[in-house]
file data-v6.txt (compact mmCIF, C-alpha atoms)
# COMPACT_ATOMS: atom_id res chain seq x y z
CA MET A 1053 -15.59 -32.21 19.09
CA THR A 1054 -12.12 -30.61 18.78
CA SER A 1055 -11.17 -28.16 21.54
CA THR A 1056 -9.59 -24.76 20.90
CA ASN A 1057 -6.35 -25.95 22.52
CA ASP A 1058 -6.25 -29.01 20.24
CA THR A 1059 -6.79 -26.78 17.22
CA ASP A 1060 -4.02 -24.40 18.32
CA GLU A 1061 -1.61 -27.27 18.88
CA LEU A 1062 -2.38 -28.77 15.47
CA ALA A 1063 -1.88 -25.39 13.79
CA THR A 1064 1.44 -24.97 15.61
CA ALA A 1065 2.51 -28.47 14.61
CA ARG A 1066 1.74 -27.74 10.97
CA SER A 1067 3.67 -24.47 11.22
CA VAL A 1068 6.73 -26.21 12.62
CA ALA A 1069 6.48 -28.95 9.99
CA ALA A 1070 6.33 -26.25 7.29
CA ASP A 1071 9.43 -24.62 8.82
CA LEU A 1072 11.26 -27.96 8.67
CA ARG A 1073 10.16 -28.55 5.11
CA GLY A 1074 11.28 -25.07 4.12
CA ALA A 1075 14.63 -25.58 5.82
CA ARG A 1076 15.03 -28.92 4.02
CA GLN A 1077 14.29 -27.28 0.68
CA LEU A 1078 16.76 -24.49 1.40
CA ALA A 1079 19.46 -26.94 2.53
CA VAL A 1080 19.13 -29.03 -0.64
CA ALA A 1081 19.38 -25.90 -2.77
CA GLY A 1082 22.41 -24.77 -0.76
CA VAL A 1083 24.26 -28.06 -1.14
CA SER A 1084 23.43 -28.13 -4.83
CA GLY A 1085 24.76 -24.59 -5.18
CA VAL A 1086 28.00 -25.54 -3.45
CA VAL A 1087 28.41 -28.49 -5.85
CA ASP A 1088 27.95 -26.08 -8.78
CA LEU A 1089 30.55 -23.74 -7.28
CA VAL A 1090 33.08 -26.56 -6.80
CA GLU A 1091 32.49 -27.78 -10.36
CA ALA A 1092 33.04 -24.30 -11.77
CA MET A 1093 36.30 -23.87 -9.85
CA HIS A 1094 37.38 -27.38 -10.89
CA HIS A 1095 36.77 -26.48 -14.53
CA HIS A 1096 38.69 -23.18 -14.43
CA ILE A 1097 41.64 -24.62 -12.55
CA ALA A 1098 41.87 -27.58 -14.92
CA ILE A 1099 41.98 -25.57 -18.15
CA ILE A 1100 45.03 -23.75 -19.51
CA PRO A 1101 45.68 -20.83 -17.11
CA ARG A 1102 44.64 -17.36 -18.10
CA ILE A 1103 44.42 -15.23 -15.01
CA VAL A 1104 42.35 -12.30 -16.27
CA GLY A 1105 39.20 -12.61 -18.30
CA ARG A 1106 35.67 -13.81 -17.71
CA PRO A 1107 35.04 -17.56 -18.07
CA GLU A 1108 33.25 -18.82 -21.15
CA ARG A 1109 31.47 -21.61 -19.25
CA ASP A 1110 31.36 -23.06 -15.74
CA ARG A 1111 30.74 -26.74 -16.51
CA THR A 1112 33.20 -29.60 -16.71
CA ILE A 1113 32.97 -32.14 -19.54
CA GLY A 1114 33.17 -35.90 -20.06
CA ILE A 1115 33.40 -38.29 -17.10
CA THR A 1116 33.99 -35.40 -14.68
CA ARG A 1117 30.69 -33.84 -15.69
CA LEU A 1118 28.96 -37.20 -15.16
CA VAL A 1119 30.33 -37.36 -11.60
CA TYR A 1120 28.98 -33.91 -10.74
CA ARG A 1121 25.57 -34.74 -12.26
CA SER A 1122 25.43 -37.89 -10.13
CA ILE A 1123 26.15 -35.89 -6.98
CA HIS A 1124 23.32 -33.48 -7.86
CA SER A 1125 20.92 -36.40 -8.35
CA VAL A 1126 21.78 -37.94 -4.99
CA VAL A 1127 21.33 -34.61 -3.18
CA HIS A 1128 17.87 -34.00 -4.68
CA LEU A 1129 16.70 -37.59 -4.14
CA ALA A 1130 17.72 -37.40 -0.48
CA GLY A 1131 15.87 -34.11 -0.10
CA ARG A 1132 12.65 -35.43 -1.63
CA ALA A 1133 12.80 -38.52 0.60
CA LEU A 1134 12.51 -36.28 3.68
CA ASP A 1135 9.08 -34.86 2.77
CA PRO A 1136 7.06 -38.02 3.60
CA LEU A 1137 8.95 -38.24 6.90
CA LEU A 1138 8.00 -34.67 7.77
CA ASP A 1139 4.34 -35.44 7.00
CA HIS A 1140 4.44 -38.21 9.62
CA VAL A 1141 6.31 -36.07 12.15
CA ALA A 1142 3.86 -33.12 11.94
CA PRO A 1143 1.10 -34.65 14.15
CA LEU A 1144 3.70 -35.43 16.83
CA LEU A 1145 4.82 -31.83 17.17
CA ASP A 1146 3.16 -29.71 19.85
CA LYS A 1147 3.60 -26.17 21.13
CA ARG A 1148 7.00 -27.04 22.50
CA GLY A 1149 8.13 -27.33 18.88
CA ALA A 1150 7.57 -23.61 18.27
CA TRP A 1151 11.19 -22.65 18.72
CA SER A 1152 12.24 -19.48 20.48
CA GLY A 1153 13.36 -16.67 18.20
CA ARG A 1154 11.54 -18.10 15.17
CA GLU A 1155 10.14 -14.76 13.99
CA SER A 1156 13.50 -12.98 14.18
CA VAL A 1157 15.30 -15.79 12.35
CA LEU A 1158 12.65 -15.93 9.62
CA ALA A 1159 12.79 -12.15 9.20
CA ALA A 1160 16.58 -12.21 8.82
CA LEU A 1161 16.45 -15.16 6.43
CA ASN A 1162 13.84 -13.42 4.29
CA GLY A 1163 15.88 -10.24 4.22
CA LEU A 1164 18.89 -12.15 2.91
CA LEU A 1165 17.18 -14.68 0.62
CA GLY A 1166 13.55 -13.60 0.44
CA ASP A 1167 13.34 -13.33 -3.33
CA TYR A 1168 14.70 -16.87 -3.71
CA LEU A 1169 12.32 -18.21 -1.05
CA GLU A 1170 9.39 -16.57 -2.84
CA ALA A 1171 10.40 -17.77 -6.30
CA SER A 1172 10.93 -21.36 -5.09
CA ASP A 1173 7.61 -21.37 -3.19
CA ASN A 1174 9.45 -22.12 0.04
CA PRO A 1175 7.23 -22.27 3.16
CA LEU A 1176 9.73 -20.02 4.93
CA ALA A 1177 8.86 -17.07 2.67
CA ILE A 1178 6.99 -14.38 4.61
CA ARG A 1179 3.60 -13.33 3.23
CA PRO A 1180 2.73 -9.64 3.73
CA SER A 1181 0.14 -8.82 6.37
CA LEU A 1182 -1.01 -5.99 8.60
CA ARG A 1183 -0.79 -7.02 12.24
CA ARG A 1184 -1.15 -6.16 15.91
CA LYS A 1185 0.74 -7.96 18.67
CA GLY A 1186 2.08 -10.41 16.12
CA VAL A 1187 -1.37 -11.46 14.88
CA ALA A 1188 -2.63 -10.74 11.36
CA LEU A 1189 -5.69 -8.51 11.18
CA PRO A 1190 -8.74 -10.07 9.50
CA GLY A 1191 -10.37 -8.71 6.38
CA GLY A 1192 -13.86 -7.22 6.34
CA ARG A 1193 -15.35 -4.46 8.48
CA THR A 1194 -17.19 -6.74 10.90
CA ALA A 1195 -14.20 -8.98 11.59
CA LEU A 1196 -11.87 -5.99 11.85
CA ALA A 1197 -14.20 -4.29 14.33
CA ALA A 1198 -14.17 -7.43 16.48
CA ALA A 1199 -10.37 -7.59 16.35
CA LEU A 1200 -10.03 -3.85 17.17
CA PRO A 1201 -12.80 -3.09 19.67
CA HIS A 1202 -11.03 0.10 20.81
CA ALA A 1203 -10.01 1.42 17.37
CA SER A 1204 -9.76 5.20 17.16
CA GLY A 1205 -10.12 7.53 14.20
CA LYS A 1206 -6.35 8.14 14.19
CA LEU A 1207 -4.46 5.38 12.38
CA ALA A 1208 -0.67 4.94 12.52
CA VAL A 1209 0.86 2.22 10.34
CA LEU A 1210 4.47 1.27 11.14
CA VAL A 1211 6.72 -0.37 8.54
CA HIS A 1212 9.86 -2.23 9.67
CA GLY A 1213 13.24 -2.35 7.94
CA LEU A 1214 15.44 -4.95 6.24
CA CYS A 1215 15.75 -8.36 7.96
CA MET A 1216 13.25 -7.31 10.64
CA ASN A 1217 9.60 -7.91 11.50
CA ASP A 1218 6.65 -6.17 13.10
CA LEU A 1219 7.49 -7.40 16.63
CA GLN A 1220 10.91 -5.75 16.51
CA TRP A 1221 9.44 -2.27 16.80
CA THR A 1222 9.69 -3.08 20.50
CA ARG A 1223 13.30 -2.45 21.47
CA LYS A 1224 14.62 -1.93 24.99
CA ARG A 1225 11.02 -2.00 26.26
CA HIS A 1226 9.97 0.86 24.01
CA ASP A 1227 7.69 0.85 20.96
CA HIS A 1228 6.98 4.09 19.08
CA GLY A 1229 3.55 2.75 18.06
CA ALA A 1230 2.54 1.87 21.62
CA GLY A 1231 3.77 5.29 22.76
CA LEU A 1232 1.61 7.07 20.19
CA GLU A 1233 -1.41 5.06 21.29
CA ARG A 1234 -0.80 5.99 24.93
CA ASP A 1235 0.10 9.64 24.43
CA LEU A 1236 -1.86 10.78 21.37
CA GLY A 1237 -4.72 8.32 20.95
CA TYR A 1238 -3.57 6.64 17.73
CA THR A 1239 -4.33 3.01 16.91
CA ALA A 1240 -1.07 1.41 15.78
CA VAL A 1241 -1.00 -1.26 13.06
CA TYR A 1242 2.21 -2.94 11.92
CA LEU A 1243 3.16 -4.24 8.49
CA ARG A 1244 5.07 -7.52 8.20
CA TYR A 1245 6.62 -8.20 4.79
CA ASN A 1246 9.36 -10.13 3.02
CA SER A 1247 12.17 -7.57 2.98
CA GLY A 1248 14.20 -9.63 0.49
CA LEU A 1249 11.80 -8.82 -2.34
CA HIS A 1250 12.20 -5.72 -4.50
CA VAL A 1251 11.05 -2.57 -2.74
CA CYS A 1252 8.60 -1.95 -5.57
CA SER A 1253 7.00 -5.40 -5.06
CA ASN A 1254 6.50 -4.71 -1.37
CA GLY A 1255 5.31 -1.19 -2.10
CA ARG A 1256 2.60 -2.38 -4.47
CA ALA A 1257 1.41 -5.07 -2.03
CA PHE A 1258 1.42 -2.59 0.86
CA ALA A 1259 -0.65 -0.11 -1.16
CA GLU A 1260 -3.32 -2.76 -1.77
CA GLN A 1261 -3.42 -3.76 1.88
CA LEU A 1262 -3.74 -0.16 3.02
CA GLU A 1263 -6.64 0.35 0.62
CA ALA A 1264 -8.48 -2.59 2.19
CA LEU A 1265 -7.60 -1.50 5.73
CA VAL A 1266 -8.85 2.07 5.24
CA ARG A 1267 -12.00 0.83 3.52
CA ASP A 1268 -12.83 -1.58 6.37
CA TRP A 1269 -11.71 0.58 9.30
CA PRO A 1270 -14.47 0.22 11.92
CA VAL A 1271 -14.78 3.92 12.84
CA PRO A 1272 -14.53 7.11 10.75
CA LEU A 1273 -10.89 7.99 10.11
CA THR A 1274 -9.71 11.50 10.91
CA GLU A 1275 -5.96 10.99 10.40
CA ILE A 1276 -3.62 8.50 8.71
CA VAL A 1277 0.12 8.42 9.44
CA LEU A 1278 2.76 6.10 7.97
CA ILE A 1279 6.02 5.60 9.90
CA GLY A 1280 8.87 3.74 8.20
CA HIS A 1281 12.16 2.67 9.71
CA SER A 1282 15.12 2.12 7.34
CA MET A 1283 13.92 0.17 4.26
CA GLY A 1284 10.38 0.59 5.60
CA GLY A 1285 10.49 4.25 4.59
CA LEU A 1286 11.31 3.26 1.01
CA VAL A 1287 8.44 0.75 1.03
CA ALA A 1288 6.08 3.49 2.28
CA ARG A 1289 7.17 5.88 -0.48
CA SER A 1290 6.78 3.13 -3.06
CA ALA A 1291 3.32 2.29 -1.69
CA PHE A 1292 2.18 5.90 -2.09
CA TYR A 1293 3.47 5.91 -5.68
CA TYR A 1294 1.61 2.72 -6.60
CA GLY A 1295 -1.49 3.60 -4.58
CA ALA A 1296 -1.83 6.90 -6.41
CA LEU A 1297 -1.11 5.19 -9.75
CA ALA A 1298 -3.87 2.64 -9.09
CA GLY A 1299 -6.37 5.32 -8.08
CA HIS A 1300 -6.65 4.10 -4.50
CA ALA A 1301 -8.54 6.26 -2.01
CA TRP A 1302 -6.00 6.16 0.85
CA PRO A 1303 -3.20 8.31 -0.73
CA ALA A 1304 -5.55 11.32 -0.84
CA ARG A 1305 -6.35 10.75 2.83
CA LEU A 1306 -2.76 10.32 4.03
CA ASP A 1307 -1.84 13.13 6.41
CA ARG A 1308 1.77 12.48 7.41
CA LEU A 1309 4.72 10.34 6.42
CA VAL A 1310 7.60 9.91 8.89
CA PHE A 1311 10.99 8.38 8.04
CA LEU A 1312 13.41 7.00 10.64
CA GLY A 1313 16.91 6.40 9.29
CA THR A 1314 15.62 5.73 5.77
CA PRO A 1315 18.34 5.37 3.08
CA HIS A 1316 16.56 7.56 0.53
CA HIS A 1317 19.71 7.65 -1.60
CA GLY A 1318 21.11 4.27 -0.67
CA ALA A 1319 23.60 2.79 1.77
CA PRO A 1320 27.40 2.61 1.25
CA LEU A 1321 27.66 -1.03 2.36
CA GLU A 1322 25.61 -2.28 -0.59
CA ARG A 1323 27.64 -0.15 -3.02
CA ALA A 1324 30.81 -1.67 -1.54
CA GLY A 1325 29.35 -5.15 -2.01
CA ASN A 1326 28.71 -4.39 -5.66
CA GLY A 1327 32.36 -3.37 -6.05
CA VAL A 1328 33.51 -6.69 -4.58
CA ASP A 1329 31.37 -8.51 -7.16
CA VAL A 1330 33.23 -6.72 -9.95
CA LEU A 1331 36.66 -7.50 -8.49
CA LEU A 1332 35.90 -11.21 -8.05
CA GLY A 1333 34.51 -11.45 -11.58
CA ALA A 1334 37.69 -10.07 -13.12
CA SER A 1335 39.58 -13.38 -12.82
CA ARG A 1336 38.46 -16.71 -14.17
CA TYR A 1337 39.79 -18.34 -10.98
CA SER A 1338 37.82 -16.12 -8.63
CA ALA A 1339 34.76 -15.64 -10.87
CA PRO A 1340 32.88 -18.64 -9.38
CA LEU A 1341 33.26 -17.05 -5.93
CA ALA A 1342 31.41 -13.98 -7.18
CA ARG A 1343 28.28 -16.13 -6.96
CA LEU A 1344 28.52 -15.99 -3.18
CA GLY A 1345 28.22 -12.21 -3.25
CA LYS A 1346 25.25 -12.49 -5.59
CA ILE A 1347 23.28 -14.55 -3.12
CA ARG A 1348 22.07 -11.33 -1.50
CA SER A 1349 18.44 -10.53 -2.13
CA ALA A 1350 16.73 -8.10 -4.48
CA GLY A 1351 15.73 -6.01 -1.47
CA ILE A 1352 19.35 -5.61 -0.42
CA THR A 1353 20.51 -4.58 -3.89
CA ASP A 1354 17.71 -2.01 -4.05
CA LEU A 1355 19.45 -0.30 -1.12
CA ARG A 1356 22.45 0.54 -3.31
CA PHE A 1357 20.76 3.76 -4.44
CA GLY A 1358 17.29 3.60 -2.87
CA ARG A 1359 15.29 2.14 -5.77
CA LEU A 1360 11.52 2.38 -5.40
CA ILE A 1361 9.69 1.48 -8.60
CA ASP A 1362 9.48 -1.18 -11.31
CA GLN A 1363 11.51 0.80 -13.83
CA ASP A 1364 14.54 0.48 -11.55
CA GLY A 1365 14.07 -3.06 -10.23
CA PRO A 1366 12.74 -6.25 -11.86
CA GLY A 1367 14.01 -6.97 -15.36
CA ARG A 1368 17.37 -5.26 -14.86
CA ASP A 1369 20.72 -6.78 -13.97
CA ARG A 1370 20.76 -5.77 -10.31
CA PHE A 1371 24.42 -6.77 -9.94
CA ALA A 1372 25.63 -4.64 -12.86
CA HIS A 1373 28.25 -2.09 -11.82
CA THR A 1374 26.48 1.09 -12.92
CA GLY A 1375 26.00 4.54 -11.49
CA ASP A 1376 22.84 5.93 -9.95
CA ARG A 1377 20.34 5.68 -12.81
CA ARG A 1378 17.13 5.36 -10.81
CA SER A 1379 13.97 7.24 -11.62
CA ALA A 1380 13.27 10.34 -9.56
CA VAL A 1381 10.35 9.88 -7.14
CA SER A 1382 9.58 13.02 -5.18
CA LEU A 1383 7.96 13.24 -1.76
CA PRO A 1384 4.15 13.02 -1.92
CA GLU A 1385 2.48 16.34 -2.57
CA GLY A 1386 -0.01 17.45 0.04
CA VAL A 1387 1.45 15.11 2.67
CA ALA A 1388 3.50 16.44 5.60
CA CYS A 1389 6.81 14.53 5.39
CA TYR A 1390 9.34 14.27 8.21
CA ALA A 1391 12.84 12.79 8.45
CA ILE A 1392 14.60 11.66 11.63
CA ALA A 1393 18.26 10.75 11.11
CA ALA A 1394 20.93 9.54 13.50
CA THR A 1395 24.68 9.86 13.75
CA LEU A 1396 27.14 7.98 15.91
CA ALA A 1397 29.09 11.22 16.31
CA THR A 1398 28.37 13.06 19.52
CA SER A 1399 29.58 16.44 18.29
CA THR A 1400 29.32 18.47 15.11
CA GLU A 1401 33.11 18.83 15.27
CA VAL A 1402 33.78 15.11 14.69
CA PRO A 1403 35.46 14.75 11.24
CA GLY A 1404 33.32 12.74 8.84
CA GLY A 1405 30.40 12.60 11.26
CA ALA A 1406 27.87 13.37 8.52
CA ARG A 1407 29.28 10.63 6.26
CA LEU A 1408 29.41 8.20 9.18
CA GLY A 1409 25.76 8.69 9.92
CA ASP A 1410 24.17 5.99 12.06
CA GLY A 1411 26.65 3.32 11.02
CA LEU A 1412 24.57 2.15 8.05
CA VAL A 1413 22.90 5.24 6.57
CA PRO A 1414 24.75 8.56 6.03
CA LEU A 1415 23.04 11.71 7.26
CA SER A 1416 22.64 13.05 3.72
CA SER A 1417 20.79 9.91 2.61
CA ALA A 1418 18.53 9.84 5.69
CA LEU A 1419 17.68 13.53 5.21
CA GLY A 1420 17.07 13.15 1.47
CA ARG A 1421 19.92 15.46 0.40
CA HIS A 1422 21.50 14.87 -3.01
CA ALA A 1423 23.83 16.83 -5.30
CA ASP A 1424 21.45 16.17 -8.21
CA PRO A 1425 18.42 18.48 -7.76
CA ARG A 1426 16.32 15.96 -9.65
CA LEU A 1427 16.83 13.36 -6.92
CA ALA A 1428 16.95 15.61 -3.84
CA LEU A 1429 14.03 15.30 -1.42
CA ARG A 1430 13.09 18.68 -0.08
CA PHE A 1431 12.12 18.16 3.55
CA ASP A 1432 11.18 21.41 5.23
CA ALA A 1433 13.90 22.44 7.69
CA SER A 1434 11.41 22.26 10.57
CA ARG A 1435 10.62 18.65 9.61
CA GLN A 1436 14.17 17.34 9.90
CA TYR A 1437 15.69 16.08 13.12
CA VAL A 1438 19.08 14.56 13.94
CA VAL A 1439 19.78 12.46 17.03
CA ARG A 1440 23.47 12.35 17.98
CA GLY A 1441 25.34 9.46 19.56
CA THR A 1442 22.77 7.03 18.20
CA GLY A 1443 23.02 4.02 15.89
CA HIS A 1444 20.67 2.81 13.18
CA LEU A 1445 18.69 0.28 15.26
CA ASP A 1446 18.75 2.52 18.31
CA LEU A 1447 16.41 4.90 16.49
CA LEU A 1448 13.72 2.37 17.43
CA SER A 1449 14.33 2.86 21.15
CA SER A 1450 15.58 6.45 21.19
CA ARG A 1451 13.55 8.52 23.64
CA LYS A 1452 14.73 11.68 21.91
CA ALA A 1453 13.53 10.41 18.55
CA TYR A 1454 10.17 9.46 20.06
CA ALA A 1455 9.79 12.81 21.83
CA GLN A 1456 10.33 14.60 18.51
CA LEU A 1457 7.91 12.25 16.74
CA ARG A 1458 5.30 12.93 19.41
CA ARG A 1459 5.80 16.72 19.16
CA TRP A 1460 5.37 16.61 15.38
CA LEU A 1461 2.22 14.49 15.49
CA ALA A 1462 0.73 16.51 18.35
CA SER A 1463 1.16 19.72 16.34
CA PRO A 1464 -1.22 20.57 13.47
CA HIS A 1465 1.73 21.73 11.36
CA GLY A 1466 4.70 19.97 12.96
CA ARG A 1467 6.75 23.16 13.07
CA LEU A 1468 9.35 21.80 15.50
CA GLY A 1469 12.77 20.57 14.45
CA GLY A 1470 16.39 20.65 15.44
CA THR A 1471 19.38 18.60 16.52
CA VAL A 1472 20.32 17.13 19.89

call {"tool": "encode", "arguments": {"input": "data-v6.txt", "output": "structure tokens"}}
result
Amino acid sequence: MTSTNDTDELATARSVAADLRGARQLAVAGVSGVVDLVEAMHHHIAIIPRIVGRPERDRTIGITRLVYRSIHSVVHLAGRALDPLLDHVAPLLDKRGAWSGRESVLAALNGLLGDYLEASDNPLAIRPSLRRKGVALPGGRTALAAALPHASGKLAVLVHGLCMNDLQWTRKRHDHGAGLERDLGYTAVYLRYNSGLHVCSNGRAFAEQLEALVRDWPVPLTEIVLIGHSMGGLVARSAFYYGALAGHAWPARLDRLVFLGTPHHGAPLERAGNGVDVLLGASRYSAPLARLGKIRSAGITDLRFGRLIDQDGPGRDRFAHTGDRRSAVSLPEGVACYAIAATLATSTEVPGGARLGDGLVPLSSALGRHADPRLALRFDASRQYVVRGTGHLDLLSSRKAYAQLRRWLASPHGRLGGTV
């Protein structure tokens, strides 16, 4: 008979083996991509110079092309030869093989390359799940009741941002979800998702998971709150859109939606990255290098303007240098919506403090303000809050941000706001 410890060790061994296999797959693809890049630059340098103008093709010809094809073949053969070796290594791996920092590294990797990992069926791709203490919650009312023996009727679901995971809500020994459990009696559940996928893809998946969670919740629900940090706020808005579209029950039962540093109208860094793509593509010599900039994931490019739904994501050239043409998605009607923003400036008198924002998201974007009335999100003045001298990630550990969050959720109408 197999003991529980033996089973845990075998599961860990398989997990580590899958990590190695995923890393092998990613390394082979990376080397192959570099070979393609070198071949493209070789081709453009070898032809008659013409500095400006997009290249007609990136491939060499004749014997040179044969050499590059041979290199590709060797790389892929070497990669495939490693798989049988990993199958033999897996039983030898024990808990010591579960490397420190794995979850953070996987979250960052998925944020950067998550769409590629998903499309290539790489074992490193994160599958969405609702979790507590890093463990996925089971499906079904009976199993969920066993996993949450102290579940309350007040549910708070927290959604992390780009390149992060559910465990990273704990920062500097503080977790907003744990605080709400302690102070206001909520039961906190955390979403883990592949932040490199389109926001709309994560939104749709999140909506379906919330429907199952609310259906199977072991006690009668009296309140549902969603709290999204950074990209997580966009995913929450997208989930409400798709949940309502699908006729799910949970959107009608959602009470509050709280955003922490959410780039409702995008982030300047992604718009700058798009400009670099255009500049590199202007010359046939530098055009192959533009591929490096286009490695960034679909999730990252969605942050250019804060895209939420299918009409603005899949099927479009996400690297095209266009203006803000996204569809307008308003805040959910009948749901109390709150926005907490941060700024690195410590005084209102600091020039450019509003544009600076928290270092990643300008104040106007985090507060939903936009010059186009069609796109502006109209948060009630009492449901906006700005924390000064605070960076984007520090919103997760900010005691001031948490105190305001607690005041809002403790109040039936959340009529407290302001700036500190």

call {"tool": "closest_residue", "arguments": {"input": "data-v6.txt", "among": "A:Asp1227, A:Asp1268, A:Asp1432, A:Asp1410", "to": "A:Tyr1242", "atoms": "all atoms listed in the file"}}
result
A:Asp1227

call {"tool": "atom_distance", "arguments": {"input": "data-v6.txt", "atom1": "atom CA of A:Asp1424", "atom2": "atom CA of A:Gly1255"}}
result
24.5 Å

call {"tool": "atom_distance", "arguments": {"input": "data-v6.txt", "atom1": "atom CA of A:Pro1414", "atom2": "atom CA of A:Arg1435"}}
result
17.7 Å

call {"tool": "atom_distance", "arguments": {"input": "data-v6.txt", "atom1": "atom CA of A:Ser1156", "atom2": "atom CA of A:Ser1349"}}
result
17.2 Å

call {"tool": "residues_around", "arguments": {"input": "data-v6.txt", "residues": "A:Leu1383", "least_positions_apart": "2", "cutoff": "10 Å", "atoms": "only C-alpha atoms", "output": "PyMOL selection string"}}
result
chain A and resi 1289+1292-1293+1309+1380-1381+1385-1389+1420+1428-1431

call {"tool": "closest_residue", "arguments": {"input": "data-v6.txt", "among": "A:Gly1411, A:Gly1358, A:Gly1153, A:Gly1313", "to": "A:Gln1436", "atoms": "all atoms listed in the file"}}
result
A:Gly1313

call {"tool": "closest_residue", "arguments": {"input": "data-v6.txt", "among": "A:Ala1319, A:Leu1249, A:Ile1392, A:Val1241", "to": "A:Ala1199", "atoms": "all atoms listed in the file"}}
result
A:Val1241

call {"tool": "residues_around", "arguments": {"input": "data-v6.txt", "residues": "A:Ala1203", "least_positions_apart": "2", "cutoff": "12 Å", "atoms": "all atoms listed in the file", "output": "VMD selection string"}}
result
chain A and resid 1184 1193 1196 to 1201 1205 to 1208 1233 1237 to 1241 1268 to 1274

call {"tool": "closest_residue", "arguments": {"input": "data-v6.txt", "among": "A:Gly1163, A:Glu1263, A:Asp1446, A:Asp1235", "to": "A:Thr1222", "atoms": "only C-alpha atoms"}}
result
A:Asp1446

call {"tool": "decode", "arguments": {"input": "data-v6.txt", "residues": "stretch 1351-1366 of chain A", "atoms": "N, CA and C atoms", "output": "short mmCIF file (atom, residue, chain, number, x, y, z; two decimals), in the first residue's frame"}}
result
data_model
loop_
_atom_site.label_atom_id
_atom_site.label_comp_id
_atom_site.auth_asym_id
_atom_site.auth_seq_id
_atom_site.Cartn_x
_atom_site.Cartn_y
_atom_site.Cartn_z
N GLY A 1351 -1.28 39.38 -23.09
CA GLY A 1351 -1.72 40.10 -21.89
C GLY A 1351 -1.05 41.44 -21.75
N ILE A 1352 0.26 41.48 -22.05
CA ILE A 1352 1.00 42.74 -21.95
C ILE A 1352 0.49 43.75 -22.98
N THR A 1353 0.28 43.31 -24.21
CA THR A 1353 -0.18 44.25 -25.23
C THR A 1353 -1.61 44.73 -24.96
N ASP A 1354 -2.39 43.96 -24.24
CA ASP A 1354 -3.73 44.43 -23.86
C ASP A 1354 -3.65 45.62 -22.91
N LEU A 1355 -2.51 45.76 -22.23
CA LEU A 1355 -2.35 46.86 -21.28
C LEU A 1355 -2.05 48.19 -21.97
N ARG A 1356 -1.89 48.17 -23.30
CA ARG A 1356 -1.62 49.43 -24.00
C ARG A 1356 -2.76 50.41 -23.77
N PHE A 1357 -4.00 49.91 -23.90
CA PHE A 1357 -5.15 50.80 -23.70
C PHE A 1357 -6.17 50.22 -22.72
N GLY A 1358 -5.91 49.05 -22.15
CA GLY A 1358 -6.86 48.45 -21.23
C GLY A 1358 -7.96 47.70 -21.95
N ARG A 1359 -7.58 46.81 -22.86
CA ARG A 1359 -8.56 46.04 -23.64
C ARG A 1359 -9.17 44.93 -22.80
N LEU A 1360 -10.48 44.73 -22.94
CA LEU A 1360 -11.19 43.80 -22.07
C LEU A 1360 -11.92 42.67 -22.79
N ILE A 1361 -12.33 42.87 -24.04
CA ILE A 1361 -13.23 41.92 -24.67
C ILE A 1361 -12.71 41.45 -26.02
N ASP A 1362 -13.35 40.38 -26.54
CA ASP A 1362 -12.89 39.73 -27.76
C ASP A 1362 -12.75 40.69 -28.94
N GLN A 1363 -13.67 41.63 -29.05
CA GLN A 1363 -13.64 42.54 -30.19
C GLN A 1363 -12.34 43.34 -30.27
N ASP A 1364 -11.64 43.45 -29.16
CA ASP A 1364 -10.42 44.26 -29.13
C ASP A 1364 -9.15 43.42 -29.01
N GLY A 1365 -9.29 42.09 -28.92
CA GLY A 1365 -8.13 41.25 -28.67
C GLY A 1365 -7.83 40.27 -29.77
N PRO A 1366 -8.17 38.98 -29.58
CA PRO A 1366 -7.83 37.94 -30.55
C PRO A 1366 -8.33 38.28 -31.95
#
